[in-house]
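Input: a single structure, listed below in structure tokens.
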2 protein chains.
Amino acid sequence: MTPVPAASPASPFLRACRGEDPGRVPVWFMRQAGRSLPEYRALRERHTFAEVIADPELAAEVTLQPVRRLGVDAAILFSDIVTPVQALVDGIGIRPDQGPVVASPLRTKADLARLRPLEPELDVPYVLETVRLVRSRLPADVALIGFAGAPFTVASYLVEGGKSSDHRHTKALMYGEPEVWDDLLDRLAGVASASLRSQVEAGAQAVQLFDSWVGTLSEPDYRRYVLPASARVLEGLDDLGVPRIHFGVGAGHLLSAMAEAGAEVVGVDWRTPLDHARRQLGPGVAVQGNLDPAVLFCPPQVLDARVRAVLAANGGRPGHVFNLGWGVLPDTDPDALCRVVELVHAEGMERRHAEGTEHGQP
Amino acid sequence: MTPVPAASPASPFLRACRGEDPGRVPVWFMRQAGRSLPEYRALRERHTFAEVIADPELAAEVTLQPVRRLGVDAAILFSDIVTPVQALVDGIGIRPDQGPVVASPLRTKADLARLRPLEPELDVPYVLETVRLVRSRLPADVALIGFAGAPFTVASYLVEGGKSSDHRHTKALMYGEPEVWDDLLDRLAGVASASLRSQVEAGAQAVQLFDSWVGTLSEPDYRRYVLPASARVLEGLDDLGVPRIHFGVGAGHLLSAMAEAGAEVVGVDWRTPLDHARRQLGPGVAVQGNLDPAVLFCPPQVLDARVRAVLAANGGRPGHVFNLGWGVLPDTDPDALCRVVELVHAEGMERRHAEGTEHGQP
């Protein structure tokens with residue numbers, strides 16, 4: 001393996017993830033790489049989504065585009081949450097505006113045989129080569145985030161056959177055949193764990209576990225049917241020493257349980273003000289978020305006020321990574337994203353210094 | 001106006017709404033009338049959705065179908081949350097599998113002129129005639145629930161032009177032009193209020209205000225931009241003395257605020273266990289819910305266990321109306337609904353008596 005240049009330990013993003021004071025509030029955006037950027041759309045006129053993901057030069061270019069244009073403090077690997085299982089299970093595609101589709105969903109004990117362990121260097125070598133290329137080309141103080149889909153969310157695609165609004169097949173399996181469900185989640189935990197470990201070994205300096213759809217569960221069901229597998233993924237990375245971010249949409253009722261899975265940072269969607277989230281999470285957990293992506297369609301003054309409200313809700317505490325509360329919407333104006341980065345960088349510091357003084361903190 | 005037969009004050013549903021002990025746990029289902037019933041699908045082969053709503057004989061028949069087949073304790077008027085505004089604003093349609101669509105969305109101050117006050121007897125006489133017909137044909141102990149879309153949710157359709165996953169236009173208006181937003185919500189509060197009042201005067205014995213999509217907001221935004229209008233609707237019915245149910249999906253973080261709007265009963269979706277909901281709501285508020293509609297696709301034993309878990313989470317307290325945590329999914333087996341009604345009627349009573357004794361209650 002070629003040695004890769006490490007990000008500077010002074011990376012504001014990494015320091016904030018560790019609850020330290022990086023001198024300014026770092027910012028990146030979920031789905032910052034993608035359809036909101038004209039340079040991405042230009043590239044996609046010549047290549048399909050699948051081609052981009054499987055070609056390290058293209059995937060690295062797309063990963064780097066938002067760093068150049070927006071000035072964010074972190075890049076996130078351009079890939080898909082089903083990329084690893086696509087290499088294992090036949091018939092998984094990704095359709096524009098629809099997301100992952102699975103030709104023959106997994107719903108029985110027999111179906112689980114289709115899901116063997118992931119061997120990243122053999123199954124998804126292009127992902128690791130992308131990580132290496134991006135890391136070698138990123139400025140030292142910009143961190144690279146690897147990611148994986150959490151076992152529940154990946155399972156929901158495999159069991160439903162695609163995106164679902166009610167998760168009826170997933171829940172029928174979960175509640176009706178808990179042993180099969182546990183086996184499925186255990187296998188997917190192995191896939192996510194192997195994928196994240198290999199990304200970190202290739203140069204990713206932090207990881208995010210996306211449990212996008214887990215908000216559909218109650219907390220007791222989350223604890224019984226999901227938390228053990230997600231904890232296996234996150235706790236399994238303990239020895240690597242990289243910050244772990246755990247995120248779900250509409251999961252305000254699950255925040256403390258999600259932190260228990262072993263995350264240094266919990267991503268918060270826009271429905272839960274950061275001060276509410278901090279009360280649930282307690283000290284020692286950093287927060288990531290949580291501007292409503294819809295607010296990027298508001299006039300500039302309104303956008304500024306909402307950005308300031310996010311900073312104010314955090315109240316200048318260290319351990320805040322600014323982000324949206326969910327991904328950038330496809331036709332967002334990239335100038336609005338630039339505006340947010342500039343404002344967060346300018347005011348995130350002032351605000352902390354001002355509020356820190358007020359509260360007698362250094 | 002023709003006098004209509006009132007429901008017996010002994011209606012288990014009405015007693016539970018008032019926090020009394022009706023001797024058994026009453027049950028009905030959101031969307032109990034509709035596509036899950038073969039008799040509804042047969043009728044829809046001959047009539048469009050719009051025809052059914054506008055024809056009191058057809059709408060009354062569809063409203064009564066689930067009472068006959070399922071043995072539920074309440075009927076809910078068959079109509080749509082946009083029916084009143086359809087009578088006021090040109091170009092609102094309802095498409096199968098897509099819901100309301102608005103040809104020319106309302107997004108400016110000038111657009112508000114299109115939204116005049118509702119005069120129910122002139123604008124939607126068929127709705128009131130349906131209420132009268134249903135009430136005259138219902139058994140005395142089965143209650144009739146009227147309903148309206150809450151100002152936020154109806155506004156979201158009018159502003160977006162249809163169902164939206166991100167509510168970007170709604171939020172741009174709400175945050176960007178709060179005076180226009182407040183005016184819009186005030187007008188829609190007037191529409192909902194007039195509609196509900198007329199339904200009660202025609203014979204509805206309870207009302208439900210559906211704020212289906214309000215869960216997309218944080219609690220501070222809900223309190224600033226939505227609660228005053230919803231409170232105007234619900235508090236405006238004070239003098240009628242009918243139970244008011246207030247419901248939103250994914251709104252577990254808003255439960256106490258939604259109760260403050262003036263509801264006797266708060267509907268709870270499946271994400272929030274009823275004991276958690278009761279802790280947020282405090283005494284004096286009844287709860288409605290909250291079986292996950294997806295669970296109706298599980299095997300019978302699993303379904304039974306989940307029904308019992310809902311009853312157990314309420315712990316035998318009076319003031320529980322059993323329901324789903326959201327509407328019946330279109331291809332639900334009606335036999336599964338029957339099974340739930342029978343189980344709730346049989347065990348809801350036993351459980352309360354057993355748990356009441358355990359806790360030393362009468």
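Labels used: A, B, ... for chains in the order of the structure tokens, numbers from 1 for residues in each chain, and numbers from 1 for ligands as shown.
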Write out, as JSON lines, each residue of chain A that has an atom at most 10 Å from chain B, together with the closest pair of atoms and their distance in Å to one decimal, counting only C-alpha atoms, rows going by chain and rising number.
```
{"residue": "A:Asp166", "atom": "CA", "partner": "B:Ala294", "partner_atom": "CA", "distance": 6.3}
{"residue": "A:His167", "atom": "CA", "partner": "B:Ala294", "partner_atom": "CA", "distance": 6.9}
{"residue": "A:Arg168", "atom": "CA", "partner": "B:Ala294", "partner_atom": "CA", "distance": 4.6}
{"residue": "A:His169", "atom": "CA", "partner": "B:Phe297", "partner_atom": "CA", "distance": 7.8}
{"residue": "A:Thr170", "atom": "CA", "partner": "B:Ala294", "partner_atom": "CA", "distance": 9.1}
{"residue": "A:Lys171", "atom": "CA", "partner": "B:Ala294", "partner_atom": "CA", "distance": 6.8}
{"residue": "A:Ala172", "atom": "CA", "partner": "B:Cys298", "partner_atom": "CA", "distance": 4.9}
{"residue": "A:Leu173", "atom": "CA", "partner": "B:Cys298", "partner_atom": "CA", "distance": 8.0}
{"residue": "A:Met174", "atom": "CA", "partner": "B:Cys298", "partner_atom": "CA", "distance": 9.6}
{"residue": "A:Tyr175", "atom": "CA", "partner": "B:Val302", "partner_atom": "CA", "distance": 6.7}
{"residue": "A:Gly176", "atom": "CA", "partner": "B:Val302", "partner_atom": "CA", "distance": 5.9}
{"residue": "A:Glu177", "atom": "CA", "partner": "B:Val302", "partner_atom": "CA", "distance": 9.3}
{"residue": "A:Gly215", "atom": "CA", "partner": "B:Arg271", "partner_atom": "CA", "distance": 7.9}
{"residue": "A:Thr216", "atom": "CA", "partner": "B:Arg271", "partner_atom": "CA", "distance": 6.5}
{"residue": "A:Leu217", "atom": "CA", "partner": "B:Arg271", "partner_atom": "CA", "distance": 5.5}
{"residue": "A:Ser218", "atom": "CA", "partner": "B:Arg271", "partner_atom": "CA", "distance": 4.1}
{"residue": "A:Glu219", "atom": "CA", "partner": "B:Arg271", "partner_atom": "CA", "distance": 7.4}
{"residue": "A:Pro220", "atom": "CA", "partner": "B:Pro273", "partner_atom": "CA", "distance": 8.3}
{"residue": "A:Asp221", "atom": "CA", "partner": "B:Arg271", "partner_atom": "CA", "distance": 9.1}
{"residue": "A:Tyr222", "atom": "CA", "partner": "B:Arg271", "partner_atom": "CA", "distance": 9.9}
{"residue": "A:Gly250", "atom": "CA", "partner": "B:Gly250", "partner_atom": "CA", "distance": 7.5}
{"residue": "A:Ala251", "atom": "CA", "partner": "B:Gly250", "partner_atom": "CA", "distance": 9.5}
{"residue": "A:Gly252", "atom": "CA", "partner": "B:His253", "partner_atom": "CA", "distance": 7.7}
{"residue": "A:His253", "atom": "CA", "partner": "B:His253", "partner_atom": "CA", "distance": 7.6}
{"residue": "A:Leu254", "atom": "CA", "partner": "B:Arg271", "partner_atom": "CA", "distance": 9.9}
{"residue": "A:Asp269", "atom": "CA", "partner": "B:Ser218", "partner_atom": "CA", "distance": 9.5}
{"residue": "A:Trp270", "atom": "CA", "partner": "B:Ser218", "partner_atom": "CA", "distance": 6.8}
{"residue": "A:Arg271", "atom": "CA", "partner": "B:Ser218", "partner_atom": "CA", "distance": 4.1}
{"residue": "A:Thr272", "atom": "CA", "partner": "B:Ser218", "partner_atom": "CA", "distance": 5.8}
{"residue": "A:Pro273", "atom": "CA", "partner": "B:Ser218", "partner_atom": "CA", "distance": 7.0}
{"residue": "A:Asp292", "atom": "CA", "partner": "B:Asp166", "partner_atom": "CA", "distance": 9.2}
{"residue": "A:Pro293", "atom": "CA", "partner": "B:Asp166", "partner_atom": "CA", "distance": 8.1}
{"residue": "A:Ala294", "atom": "CA", "partner": "B:Arg168", "partner_atom": "CA", "distance": 4.6}
{"residue": "A:Val295", "atom": "CA", "partner": "B:Ala172", "partner_atom": "CA", "distance": 6.6}
{"residue": "A:Leu296", "atom": "CA", "partner": "B:Arg168", "partner_atom": "CA", "distance": 8.6}
{"residue": "A:Phe297", "atom": "CA", "partner": "B:Ala172", "partner_atom": "CA", "distance": 6.3}
{"residue": "A:Cys298", "atom": "CA", "partner": "B:Ala172", "partner_atom": "CA", "distance": 4.9}
{"residue": "A:Pro299", "atom": "CA", "partner": "B:Gly176", "partner_atom": "CA", "distance": 6.7}
{"residue": "A:Pro300", "atom": "CA", "partner": "B:Gly176", "partner_atom": "CA", "distance": 9.4}
{"residue": "A:Gln301", "atom": "CA", "partner": "B:Gly176", "partner_atom": "CA", "distance": 8.6}
{"residue": "A:Val302", "atom": "CA", "partner": "B:Gly176", "partner_atom": "CA", "distance": 5.9}
{"residue": "A:Leu303", "atom": "CA", "partner": "B:Gly176", "partner_atom": "CA", "distance": 8.8}
{"residue": "A:Ala305", "atom": "CA", "partner": "B:Tyr175", "partner_atom": "CA", "distance": 9.6}
{"residue": "A:Arg306", "atom": "CA", "partner": "B:Tyr175", "partner_atom": "CA", "distance": 8.8}
{"residue": "A:Leu329", "atom": "CA", "partner": "B:Asp166", "partner_atom": "CA", "distance": 8.6}
```
Using only C-alpha atoms, which residues sit within 8 Å of B:Asp21 once same-chain residues fewer than 6 positions away are excluded, as a list in words?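 The filter keeps Arg15, Pro318 and Gly319 of chain B.
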Could you turn the residues from that selection into a file that holds C-alpha atoms, as a tab-separated table (two decimals), in the first residue's frame?
```
chain	number	residue	atom	x	y	z
B	15	ARG	CA	-66.16	8.74	26.70
B	318	PRO	CA	-58.45	5.81	30.82
B	319	GLY	CA	-58.44	8.26	27.91
```
Near B:Met30, within 12 Å and counting only C-alpha atoms, which residues show up once chain neighbours fewer than 4 positions away are dropped, as a PyMOL selection string? chain B and resi 34+36+63+66+72+74-78+145+147+208+210+212+247-249+267-269+288-293+321-330+337
Would you output that residue set with N, CA and C atoms, as a compact mmCIF listing (two decimals), in the first residue's frame?
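Output saved as again.txt:
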```txt
# COMPACT_ATOMS: atom_id res chain seq x y z
N GLY B 34 -61.78 3.44 2.46
CA GLY B 34 -60.89 3.65 1.32
C GLY B 34 -60.38 2.35 0.74
N SER B 36 -58.39 -0.03 1.13
CA SER B 36 -58.19 -1.36 1.70
C SER B 36 -59.46 -2.21 1.65
N THR B 63 -68.34 6.17 3.95
CA THR B 63 -68.06 6.44 5.37
C THR B 63 -68.54 5.29 6.25
N PRO B 66 -66.63 0.89 6.60
CA PRO B 66 -65.77 0.29 7.63
C PRO B 66 -66.50 0.04 8.95
N VAL B 72 -65.77 -0.90 14.03
CA VAL B 72 -65.07 0.18 14.75
C VAL B 72 -66.05 1.04 15.56
N ALA B 74 -66.01 4.35 15.78
CA ALA B 74 -66.27 5.68 15.23
C ALA B 74 -66.16 5.62 13.71
N ALA B 75 -66.96 6.45 13.06
CA ALA B 75 -66.84 6.67 11.63
C ALA B 75 -66.18 8.02 11.45
N ILE B 76 -65.43 8.19 10.36
CA ILE B 76 -64.89 9.51 10.04
C ILE B 76 -65.38 9.88 8.65
N LEU B 77 -65.90 11.08 8.56
CA LEU B 77 -66.39 11.62 7.30
C LEU B 77 -65.44 11.30 6.16
N PHE B 78 -65.96 10.76 5.05
CA PHE B 78 -65.12 10.54 3.88
C PHE B 78 -65.05 11.83 3.07
N ILE B 145 -66.91 11.34 13.42
CA ILE B 145 -65.83 12.32 13.54
C ILE B 145 -65.79 13.19 12.28
N PHE B 147 -63.65 16.34 10.24
CA PHE B 147 -62.22 16.66 10.23
C PHE B 147 -61.92 17.83 9.31
N GLN B 208 -61.32 15.98 14.19
CA GLN B 208 -59.87 15.77 14.17
C GLN B 208 -59.24 16.79 13.24
N PHE B 210 -56.08 17.49 11.20
CA PHE B 210 -54.92 16.76 10.66
C PHE B 210 -53.83 17.74 10.28
N SER B 212 -50.81 16.86 9.11
CA SER B 212 -50.03 15.69 8.70
C SER B 212 -48.54 15.98 8.56
N PHE B 247 -53.55 15.91 15.42
CA PHE B 247 -52.64 14.84 14.99
C PHE B 247 -51.66 15.30 13.93
N GLY B 248 -50.42 14.87 14.07
CA GLY B 248 -49.41 15.03 13.02
C GLY B 248 -48.53 13.80 12.96
N VAL B 249 -47.91 13.56 11.81
CA VAL B 249 -47.01 12.40 11.63
C VAL B 249 -45.57 12.84 11.92
N GLY B 267 -53.24 12.78 18.88
CA GLY B 267 -52.89 11.57 18.14
C GLY B 267 -51.38 11.40 18.13
N VAL B 268 -50.92 10.17 18.32
CA VAL B 268 -49.50 9.88 18.48
C VAL B 268 -49.10 8.89 17.39
N ASP B 269 -48.04 9.18 16.67
CA ASP B 269 -47.64 8.18 15.67
C ASP B 269 -46.84 7.06 16.33
N GLN B 288 -54.49 9.11 21.34
CA GLN B 288 -55.05 8.29 20.27
C GLN B 288 -53.89 7.64 19.51
N GLY B 289 -53.96 6.34 19.36
CA GLY B 289 -52.91 5.65 18.59
C GLY B 289 -52.62 4.29 19.18
N ASN B 290 -51.48 3.74 18.78
CA ASN B 290 -50.52 4.20 17.82
C ASN B 290 -49.82 3.01 17.16
N LEU B 291 -50.60 2.04 16.72
CA LEU B 291 -50.04 0.86 16.05
C LEU B 291 -49.44 1.28 14.70
N ASP B 292 -48.23 0.81 14.42
CA ASP B 292 -47.58 1.09 13.13
C ASP B 292 -48.40 0.44 12.01
N PRO B 293 -48.86 1.21 11.02
CA PRO B 293 -49.67 0.62 9.94
C PRO B 293 -48.93 -0.50 9.20
N VAL B 321 -57.85 6.15 22.98
CA VAL B 321 -58.55 5.73 21.78
C VAL B 321 -57.55 4.96 20.93
N PHE B 322 -57.80 3.67 20.72
CA PHE B 322 -56.86 2.88 19.93
C PHE B 322 -57.01 3.27 18.46
N ASN B 323 -55.87 3.38 17.77
CA ASN B 323 -55.87 3.73 16.35
C ASN B 323 -54.52 3.29 15.82
N LEU B 324 -54.31 3.50 14.55
CA LEU B 324 -52.98 3.34 13.99
C LEU B 324 -52.20 4.63 14.27
N GLY B 325 -50.89 4.56 14.01
CA GLY B 325 -50.07 5.75 14.15
C GLY B 325 -50.08 6.62 12.91
N TRP B 326 -50.79 6.19 11.86
CA TRP B 326 -50.99 6.95 10.63
C TRP B 326 -52.04 6.17 9.85
N GLY B 327 -52.35 6.55 8.61
CA GLY B 327 -53.47 5.94 7.92
C GLY B 327 -53.24 4.49 7.49
N VAL B 328 -54.35 3.77 7.32
CA VAL B 328 -54.31 2.42 6.77
C VAL B 328 -53.63 2.47 5.40
N LEU B 329 -52.65 1.60 5.17
CA LEU B 329 -51.98 1.56 3.87
C LEU B 329 -52.92 0.91 2.85
N PRO B 330 -52.83 1.35 1.58
CA PRO B 330 -53.84 0.97 0.58
C PRO B 330 -54.11 -0.52 0.46
N LEU B 337 -57.43 -5.79 9.99
CA LEU B 337 -58.08 -4.69 10.73
C LEU B 337 -59.15 -5.26 11.66
```
So which bits of stretch 86-256 of chain B end up strand (DSSP E or B) when you DSSP the backbone, as an MDAnalysis selection string? chainID B and resid 92:95 99:102 143:149 206:210 244:247
Mind writing the picked residues with C-alpha atoms as an mmCIF file, in the first residue's frame?
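So the final result, stored in out_16.cif, reads:
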```cif
data_model
loop_
_atom_site.group_PDB
_atom_site.id
_atom_site.type_symbol
_atom_site.label_atom_id
_atom_site.label_comp_id
_atom_site.auth_asym_id
_atom_site.auth_seq_id
_atom_site.Cartn_x
_atom_site.Cartn_y
_atom_site.Cartn_z
ATOM 1 C CA ILE B 92 -56.959 22.182 -7.182
ATOM 2 C CA GLY B 93 -57.249 18.515 -8.126
ATOM 3 C CA ILE B 94 -56.653 15.227 -6.339
ATOM 4 C CA ARG B 95 -54.641 12.661 -8.268
ATOM 5 C CA GLY B 99 -52.790 13.468 -3.561
ATOM 6 C CA PRO B 100 -53.719 17.131 -3.953
ATOM 7 C CA VAL B 101 -52.158 19.116 -6.812
ATOM 8 C CA VAL B 102 -52.535 22.861 -7.248
ATOM 9 C CA ALA B 143 -69.580 8.307 16.941
ATOM 10 C CA LEU B 144 -69.096 10.389 13.796
ATOM 11 C CA ILE B 145 -65.832 12.318 13.538
ATOM 12 C CA GLY B 146 -65.605 15.415 11.347
ATOM 13 C CA PHE B 147 -62.220 16.665 10.232
ATOM 14 C CA ALA B 148 -60.207 19.411 8.622
ATOM 15 C CA GLY B 149 -56.673 19.904 7.399
ATOM 16 C CA ALA B 206 -65.935 14.976 17.532
ATOM 17 C CA VAL B 207 -63.407 16.579 15.213
ATOM 18 C CA GLN B 208 -59.871 15.771 14.174
ATOM 19 C CA LEU B 209 -57.461 18.438 12.946
ATOM 20 C CA PHE B 210 -54.925 16.764 10.659
ATOM 21 C CA ARG B 244 -61.030 17.807 19.540
ATOM 22 C CA ILE B 245 -58.271 15.496 18.302
ATOM 23 C CA HIS B 246 -55.017 16.985 17.034
ATOM 24 C CA PHE B 247 -52.642 14.843 14.993
#
```
Spatial neighbours of A:Leu112, 8 Å, only C-alpha atoms, chain gap at least 5 places, as a list in words: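 In the requested form, the answer reads Leu106, Asp183 and Leu184 of chain A.
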Quick one: distance from atom CA of B:Val285 to atom CA of B:Phe13 in Å, one decimal?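 Computing the Euclidean distance for atom CA of B:Val285 and atom CA of B:Phe13 yields 14.5 Å.
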Given only C-alpha atoms as the counted atoms, nearest of B:Leu43, B:Leu14, B:Leu138, B:Val233 to B:Val67: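 Checking each candidate against B:Val67, we get B:Leu138 as the closest.
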Picked from stretch 256-350 of chain B by DSSP as alpha helix (DSSP H), as JSON, numbers by chain: {"B": [256, 257, 258, 259, 260, 274, 275, 276, 277, 278, 279, 280, 281, 300, 301, 302, 303, 304, 305, 306, 307, 308, 309, 310, 311, 312, 313, 314, 334, 335, 336, 337, 338, 339, 340, 341, 342, 343, 344, 345, 346, 347, 348, 349, 350]}
Could you list, as a PyMOL selection string, every residue within 10 Å of A:Leu188, counting only C-alpha atoms and ignoring same-chain residues fewer than 5 positions away? chain A and resi 84-85+115-118+149-155+182-183+193-194+229-230+233
For the residues selected in the previous step, produce a file with C-alpha atoms as a PDB file, in the first residue's frame.
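Generated file (result.pdb):
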```
ATOM      1  CA  PRO A  84     -20.279  -2.250  -1.033  1.00  0.00           C
ATOM      2  CA  VAL A  85     -23.385  -4.499  -1.202  1.00  0.00           C
ATOM      3  CA  LEU A 115     -24.668 -11.694   1.311  1.00  0.00           C
ATOM      4  CA  ARG A 116     -21.111 -12.926   1.859  1.00  0.00           C
ATOM      5  CA  PRO A 117     -18.465 -10.917   3.756  1.00  0.00           C
ATOM      6  CA  LEU A 118     -16.920  -7.918   2.018  1.00  0.00           C
ATOM      7  CA  GLY A 149     -24.653   2.978   5.151  1.00  0.00           C
ATOM      8  CA  ALA A 150     -25.729   1.702   8.560  1.00  0.00           C
ATOM      9  CA  PRO A 151     -27.070  -1.860   8.754  1.00  0.00           C
ATOM     10  CA  PHE A 152     -30.740  -0.819   9.181  1.00  0.00           C
ATOM     11  CA  THR A 153     -30.797   1.598   6.261  1.00  0.00           C
ATOM     12  CA  VAL A 154     -28.957  -0.741   3.871  1.00  0.00           C
ATOM     13  CA  ALA A 155     -31.228  -3.584   5.010  1.00  0.00           C
ATOM     14  CA  ASP A 182     -30.525 -10.217  13.398  1.00  0.00           C
ATOM     15  CA  ASP A 183     -28.513 -12.384  11.011  1.00  0.00           C
ATOM     16  CA  SER A 193     -17.243  -2.347   9.342  1.00  0.00           C
ATOM     17  CA  ALA A 194     -14.904  -3.816   6.712  1.00  0.00           C
ATOM     18  CA  ALA A 229     -25.473  -3.966  14.879  1.00  0.00           C
ATOM     19  CA  SER A 230     -24.626  -0.257  14.581  1.00  0.00           C
ATOM     20  CA  VAL A 233     -19.766  -1.253  13.326  1.00  0.00           C
TER      21      VAL A 233
END
```
So how far away is atom CA of B:Gln65 from atom CA of B:Glu39, in Å?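 Those two atoms sit 7.4 Å apart.
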d(atom CA of B:Gly315, atom CA of B:Leu274) in Å: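 Atom CA of B:Leu274 lies 8.8 Å from atom CA of B:Gly315.
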Close residues, A:Leu234 itself excluded, 7 Å, only C-alpha atoms, min 6 positions apart in chain, as a ChimeraX atom specification: /A:261-263
Using only C-alpha atoms, the residue out of A:His276, A:Ala309, A:Leu122, A:Arg35 with shortest distance to A:Asp97 is A:Arg35
